[in-house]
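Asker: Structure provided below as structure tokens; questions to follow.
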Amino acid sequence: MEITGQDVLLVVDVQNDFCPGGALAVTDGDAVIPVIQRLAVQFDHVVLTQDWHPPGHCSFRSGGGVWPDHCVQGTRGADFHAALELTRAELILRKGFRKNLDSYSAFFENDHTTPTGLASYCRERGFRRIFLAGLAYDFCVGFSAVDARRAGFNAIVVHDACRAIDVNGSVREMEAEFARHGVMLMESGAA
Ligand code: VGL
Ligand code: ZN
């Protein structure tokens with residue numbers, strides 16, 4: 001696959017809390033890092049997202065949600081994994097920072113109307129194809145990919161550069177959404 005200046009690699013939430021030992025650890029989460037490093041050097045443009053919640057956030061069980069406390073602003077758990085070496089990243093997009101509104105997607109908060117600004121940013125930068133990698137495949141990566149399609153971009157999820165949480169059929173459900181919205185899947189070796 002030919003990568004051009006209109007392509008961007010969106011690296012989703014490769015943070016300590018989603019890696020082994022973290023508060024919301026994804027099985028094998030840190031295994032995405034070497035794959036992402038190899039992928040990133042092939043792209044002219046790399047953007048990172050960072051899950052960034054205030055204490056008592058609505059997605060936390062402690063705040064009425066379903067997840068353990070994770071990625072609390074300013075904590076070590078919210079930091080990018082130390083092995084993630086993406087100094088070339090052009091933008092770090094933080095999401096989920098409103099106490100009463102969660103954001104799985106890098107493009108829209110979970111009310112599906114509050115934008116993060118990322119679609120406009122990508123449009124203004126002239127990006128056409130958004131390649132996605134990171135954590136978790138069936139949540140933030142997946143919702144971001146579907147919203148990228150809704151915003152009019154091509155969306156390609158790099159399958160082996162992601163790991164899933166996989167609760168209650170979430171992977172199968174997300175893959176059905178991918179099919180419904182025209183999200184493509186590829187393996188990193190094909191990039
Ligand atoms: C995520 C659950 C809660 C993710 C973030 O990055 O996939 N999942 N917050
Ligand atoms: Zn979160």
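Following the order of the structure tokens, chains are lettered A, B, ..., residues in each are numbered from 1, and ligands are numbered from 1.
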Enumerate as number ranges by chain the residues within 9 Å of ligand 1, counting only C-alpha atoms and all ligand atoms.

Answerer: A: 12-15, 18, 24, 26, 49-53, 59-60, 66-68, 70-71, 96, 102-105, 134-143, 164-165

Asker: Give me, as number ranges by chain, the residues of segment 2-176 of chain A that a backbone DSSP run labels strand (DSSP E).

Answerer: A: 7-12, 46-51, 91-95, 129-135, 154-163

Asker: Mind writing the picked residues with N, CA and C atoms as a CSV table (one decimal), in the first residue's frame?

Answerer:
chain,number,residue,atom,x,y,z
A,7,ASP,N,-2.3,10.9,4.0
A,7,ASP,CA,-2.6,9.8,5.0
A,7,ASP,C,-2.1,10.2,6.4
A,8,VAL,N,-2.8,9.8,7.4
A,8,VAL,CA,-2.4,10.1,8.8
A,8,VAL,C,-2.5,8.8,9.6
A,9,LEU,N,-1.6,8.6,10.5
A,9,LEU,CA,-1.7,7.4,11.4
A,9,LEU,C,-2.2,8.0,12.7
A,10,LEU,N,-3.4,7.5,13.2
A,10,LEU,CA,-4.0,8.0,14.4
A,10,LEU,C,-3.7,6.9,15.5
A,11,VAL,N,-2.8,7.2,16.4
A,11,VAL,CA,-2.4,6.2,17.5
A,11,VAL,C,-3.3,6.5,18.7
A,12,VAL,N,-4.1,5.6,19.0
A,12,VAL,CA,-5.2,5.8,20.0
A,12,VAL,C,-4.8,5.2,21.4
A,46,VAL,N,1.6,11.8,11.9
A,46,VAL,CA,1.2,10.9,13.1
A,46,VAL,C,0.4,11.8,14.1
A,47,VAL,N,-0.7,11.3,14.5
A,47,VAL,CA,-1.5,12.0,15.6
A,47,VAL,C,-1.7,11.1,16.7
A,48,LEU,N,-1.6,11.5,18.0
A,48,LEU,CA,-1.9,10.7,19.1
A,48,LEU,C,-3.1,11.1,19.8
A,49,THR,N,-3.8,10.1,20.4
A,49,THR,CA,-4.9,10.5,21.3
A,49,THR,C,-4.6,10.1,22.7
A,50,GLN,N,-5.1,10.8,23.7
A,50,GLN,CA,-4.9,10.5,25.1
A,50,GLN,C,-6.2,10.6,25.9
A,51,ASP,N,-6.6,9.5,26.4
A,51,ASP,CA,-7.8,9.5,27.3
A,51,ASP,C,-7.4,10.3,28.5
A,91,LEU,N,0.2,16.2,16.6
A,91,LEU,CA,-0.9,16.6,17.5
A,91,LEU,C,-1.1,15.6,18.5
A,92,ILE,N,-1.4,16.0,19.8
A,92,ILE,CA,-1.9,15.1,20.8
A,92,ILE,C,-3.3,15.6,21.2
A,93,LEU,N,-4.3,14.7,20.9
A,93,LEU,CA,-5.7,15.1,21.0
A,93,LEU,C,-6.2,14.5,22.3
A,94,ARG,N,-6.6,15.3,23.3
A,94,ARG,CA,-7.1,14.7,24.6
A,94,ARG,C,-8.6,14.7,24.5
A,95,LYS,N,-9.2,13.6,25.1
A,95,LYS,CA,-10.6,13.4,25.0
A,95,LYS,C,-11.1,12.8,26.4
A,129,ARG,N,-7.1,9.9,4.2
A,129,ARG,CA,-7.2,8.5,4.8
A,129,ARG,C,-6.7,8.5,6.2
A,130,ILE,N,-7.4,7.9,7.1
A,130,ILE,CA,-7.0,7.8,8.5
A,130,ILE,C,-6.8,6.4,8.8
A,131,PHE,N,-5.5,6.0,9.1
A,131,PHE,CA,-5.1,4.7,9.6
A,131,PHE,C,-5.2,4.7,11.1
A,132,LEU,N,-5.7,3.7,11.7
A,132,LEU,CA,-5.9,3.7,13.2
A,132,LEU,C,-5.2,2.5,13.8
A,133,ALA,N,-4.6,2.8,15.0
A,133,ALA,CA,-3.8,1.7,15.7
A,133,ALA,C,-4.0,2.1,17.2
A,134,GLY,N,-3.8,1.1,18.1
A,134,GLY,CA,-3.7,1.4,19.5
A,134,GLY,C,-4.8,0.6,20.3
A,135,LEU,N,-5.3,1.3,21.4
A,135,LEU,CA,-6.1,0.6,22.4
A,135,LEU,C,-7.4,1.4,22.6
A,154,ASN,N,-11.7,8.2,4.6
A,154,ASN,CA,-11.5,6.8,4.5
A,154,ASN,C,-10.9,6.3,5.9
A,155,ALA,N,-11.3,5.2,6.4
A,155,ALA,CA,-10.8,4.7,7.6
A,155,ALA,C,-10.3,3.3,7.5
A,156,ILE,N,-9.0,3.1,7.9
A,156,ILE,CA,-8.4,1.8,7.8
A,156,ILE,C,-7.8,1.4,9.2
A,157,VAL,N,-8.4,0.4,9.8
A,157,VAL,CA,-7.9,-0.1,11.1
A,157,VAL,C,-6.7,-1.1,10.9
A,158,VAL,N,-5.6,-0.9,11.5
A,158,VAL,CA,-4.5,-1.8,11.3
A,158,VAL,C,-4.6,-2.8,12.4
A,159,HIS,N,-5.1,-4.0,12.1
A,159,HIS,CA,-5.6,-5.0,13.0
A,159,HIS,C,-4.5,-5.4,14.0
A,160,ASP,N,-3.3,-5.8,13.5
A,160,ASP,CA,-2.3,-6.3,14.4
A,160,ASP,C,-1.6,-5.2,15.2
A,161,ALA,N,-2.0,-3.9,15.0
A,161,ALA,CA,-1.5,-2.8,15.7
A,161,ALA,C,-2.5,-2.4,16.8
A,162,CYS,N,-3.5,-3.3,17.1
A,162,CYS,CA,-4.5,-3.0,18.1
A,162,CYS,C,-4.6,-4.2,19.0
A,163,ARG,N,-5.1,-4.0,20.2
A,163,ARG,CA,-5.6,-5.1,21.1
A,163,ARG,C,-6.9,-4.7,21.6

Asker: Mind giving me the straight-line distance from atom CA of Val183 of chain A to atom CA of Arg128 of chain A in Å, one decimal?

Answerer: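 Atom CA of Arg128 of chain A lies at a distance of 13.5 Å from atom CA of Val183 of chain A.
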
Asker: Which of these, A:Met1, A:Ala89, A:Ala106, A:Leu39, has the shortest distance to ligand 2 once you count only C-alpha atoms and all ligand atoms?

Answerer: A:Ala106

Asker: What is the distance, in Å and to one decimal place, between atom CA of Phe80 of chain A and atom CA of Met174 of chain A?

Answerer: 24.8 Å

Asker: Extract the full set of alpha helix (DSSP H) residues from chain A according to DSSP on the backbone, and format it as a PyMOL selection string.

Answerer: chain A and resi 32-40+118-124+142-150+170-181

Asker: With distances taken over only C-alpha atoms and all ligand atoms, which of A:Cys58, A:Val35, A:Met186, A:Leu86 is nearest to ligand 2?

Answerer: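 Among A:Cys58, A:Val35, A:Met186, A:Leu86, it is A:Cys58 that comes nearest to ligand 2.
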
Asker: List the spatial neighbours of Ala82 of chain A as a PyMOL selection string - criterion: any atom at most 9 Å away, only C-alpha atoms, same-chain residues fewer than 3 positions off excluded.

Answerer: chain A and resi 15-16+79+85

Asker: Based on the selection just made, write C-alpha atoms of those residues as a PDB file, in the first residue's frame.

Answerer:
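After the write, again_25.pdb holds the following:
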ATOM      1  CA  GLN A  15      -1.274   4.868  27.856  1.00  0.00           C
ATOM      2  CA  ASN A  16      -0.047   3.108  30.992  1.00  0.00           C
ATOM      3  CA  ASP A  79       0.915   9.056  30.635  1.00  0.00           C
ATOM      4  CA  GLU A  85       8.572   6.829  20.968  1.00  0.00           C
TER       5      GLU A  85
END

Asker: Find the distance between atom CA of Arg125 of chain A and atom CA of Glu177 of chain A and write it in Å to one decimal.

Answerer: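 Interatomic distance, atom CA of Arg125 of chain A to atom CA of Glu177 of chain A: 26.9 Å.
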
Asker: Of the residues A:Glu109, A:Asp30, A:Asp166, A:Asp147, which is the one nearest to ligand 2, using only C-alpha atoms and all ligand atoms?

Answerer: A:Glu109

Asker: Hey, which of A:Val32, A:Ala78, A:Ala145, A:Ala83 ends up closest to ligand 2? Count only C-alpha atoms and all ligand atoms.

Answerer: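 Once distances to ligand 2 are computed over only C-alpha atoms and all ligand atoms, the minimum belongs to A:Ala78.
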
Asker: Between A:Gly126, A:Pro55, A:Gly152, A:Gly189, which one has atoms that come closest to ligand 2, using only C-alpha atoms and all ligand atoms?

Answerer: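 Checking each candidate against ligand 2, we get A:Pro55 as the closest.
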
Asker: Find the spatial neighbours of Glu2 of chain A, counting only C-alpha atoms, within a cut-off of 12 Å - ignore same-chain residues fewer than 5 positions away - and output them as a list in words.

Answerer: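 Everything that qualifies: Asp7, Gln42, Phe43, Asp44, Arg129, Ala190 and Ala191 of chain A.
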
Asker: Kindly indicate which residue among A:Gln6, A:Gly182, A:His57, A:Phe108 lies nearest to Glu124 of chain A, using only C-alpha atoms for the distances.

Answerer: A:Gln6
